[in-house]
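Source file: upload-v5.cif (mmCIF, C-alpha atoms)
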data_input
loop_
_atom_site.label_atom_id
_atom_site.label_comp_id
_atom_site.auth_asym_id
_atom_site.auth_seq_id
_atom_site.Cartn_x
_atom_site.Cartn_y
_atom_site.Cartn_z
CA MET A 29 1.58 35.71 -131.51
CA GLU A 30 0.73 38.69 -129.32
CA LEU A 31 1.88 42.11 -130.43
CA ASP A 32 4.22 42.70 -127.47
CA ALA A 33 5.90 39.31 -127.85
CA ALA A 34 6.21 39.72 -131.62
CA GLY A 35 7.83 43.13 -131.21
CA LYS A 36 10.35 41.81 -128.70
CA VAL A 37 11.25 38.83 -130.90
CA SER A 38 11.56 41.12 -133.91
CA ASN A 39 13.94 43.45 -132.05
CA ALA A 40 16.04 40.52 -130.82
CA VAL A 41 16.39 39.17 -134.36
CA LEU A 42 17.20 42.62 -135.74
CA ALA A 43 19.99 42.97 -133.16
CA GLU A 44 21.63 39.93 -134.78
CA MET A 45 21.25 41.22 -138.34
CA THR A 46 23.15 43.89 -140.24
CA GLY A 47 21.50 46.42 -142.50
CA VAL A 48 17.86 45.78 -141.60
CA VAL A 49 16.05 48.48 -139.61
CA TRP A 50 12.43 48.37 -138.49
CA ILE A 51 11.08 51.89 -139.03
CA ARG A 52 7.45 51.53 -137.89
CA SER A 53 4.33 49.42 -138.28
CA TYR A 54 0.70 50.21 -138.95
CA VAL A 55 -2.19 48.11 -137.61
CA SER A 56 -5.38 47.77 -139.63
CA ASP A 57 -8.16 46.35 -137.48
CA LEU A 58 -10.45 46.50 -140.51
CA GLU A 59 -8.20 44.19 -142.56
CA GLY A 60 -6.79 42.25 -139.61
CA LYS A 61 -3.25 42.98 -140.81
CA ILE A 62 -0.11 44.77 -139.74
CA TYR A 63 1.93 46.70 -142.30
CA CYS A 64 5.61 47.10 -141.45
CA GLU A 65 8.10 49.59 -142.84
CA TYR A 66 11.75 48.57 -143.01
CA ASP A 67 14.98 50.02 -144.30
CA ALA A 68 16.84 47.06 -145.78
CA PRO A 69 19.30 46.35 -148.58
CA ASN A 70 16.81 44.13 -150.41
CA PRO A 71 13.51 42.25 -150.02
CA GLU A 72 15.35 39.02 -149.19
CA ALA A 73 16.77 40.62 -146.04
CA VAL A 74 13.25 41.51 -144.88
CA ARG A 75 12.08 37.96 -145.60
CA GLU A 76 15.04 36.58 -143.65
CA HIS A 77 14.16 38.76 -140.67
CA ALA A 78 10.55 37.54 -140.80
CA ARG A 79 11.66 33.91 -141.09
CA ARG A 80 13.98 34.17 -138.08
CA ALA A 81 11.37 36.03 -136.02
CA GLY A 82 8.57 33.65 -136.99
CA LEU A 83 6.50 36.45 -138.48
CA PRO A 84 4.29 36.11 -141.56
CA VAL A 85 5.06 38.01 -144.75
CA ASP A 86 2.39 38.17 -147.42
CA ARG A 87 4.02 40.69 -149.71
CA ILE A 88 7.01 43.03 -149.91
CA VAL A 89 6.83 46.25 -151.90
CA GLU A 90 9.96 48.29 -152.59
CA VAL A 91 9.46 52.04 -152.34
CA SER A 92 11.21 53.95 -155.11
CA LEU A 93 10.42 57.48 -153.94
CA GLU A 94 9.37 59.01 -150.64
CA ILE A 95 7.28 62.17 -150.77
CA SER A 96 5.76 64.39 -148.09
CA PRO A 97 3.49 67.46 -147.98
CA ALA A 98 6.49 69.65 -147.10
CA MET A 99 7.92 69.03 -150.56
CA PHE A 100 5.04 70.91 -152.19
CA ARG A 101 5.01 74.19 -150.29
#
Here is a file; write its structure as structure tokens.
Amino acid sequence: MELDAAGKVSNAVLAEMTGVVWIRSYVSDLEGKIYCEYDAPNPEAVREHARRAGLPVDRIVEVSLEISPAMFR
């Protein structure tokens, strides 16, 4: 699936879902993968989005703490 088409399908599916927000994605040409960041109530909601959009999901990792350089000034 091409990137543009996948993004449009993803947005259309997200418009039908509650509580799942696509934050951003990162493309790794080296690994041939795309890493996506979501705000969602649980991993199952992210998997449901992927299923409806026809997108592959290899692994979901929950983030327990967000840090940034600004926190350490």
**Message:** Ranking A:Gly47, A:Val89, A:Pro84, A:Val55 by minimum distance to Pro69 (chain A) and counting only C-alpha atoms, which one comes first?
**Reply:** A:Gly47
**Asked** Quick one, how far is CA of Ala78 (chain A) from CA of Lys61 (chain A)?
**Response**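 Straight-line distance from CA of Ala78 (chain A) to CA of Lys61 (chain A) works out to 14.8 Å.
Atom pair CA of Val91 (chain A) / CA of Lys36 (chain A): separated by 25.8 Å.
Applied to this file, the PyMOL selection byres ((chain A and resi 48) around 6) selects A:Thr46, A:Gly47, A:Val49, A:Asp67, A:Ala68.
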**Prompt:** Suppose you want the space between CA of Met45 (chain A) and CA of Cys64 (chain A); what is it in Å?
**Reply:**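 Computing it gives 17.0 Å between the two atoms.
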**Prompt:** Which of these, A:Ser56, A:Arg87, A:Arg80, A:Met99, has the shortest distance to Ala43 (chain A) once you count all atoms listed in the file?
**Reply:** A:Arg80
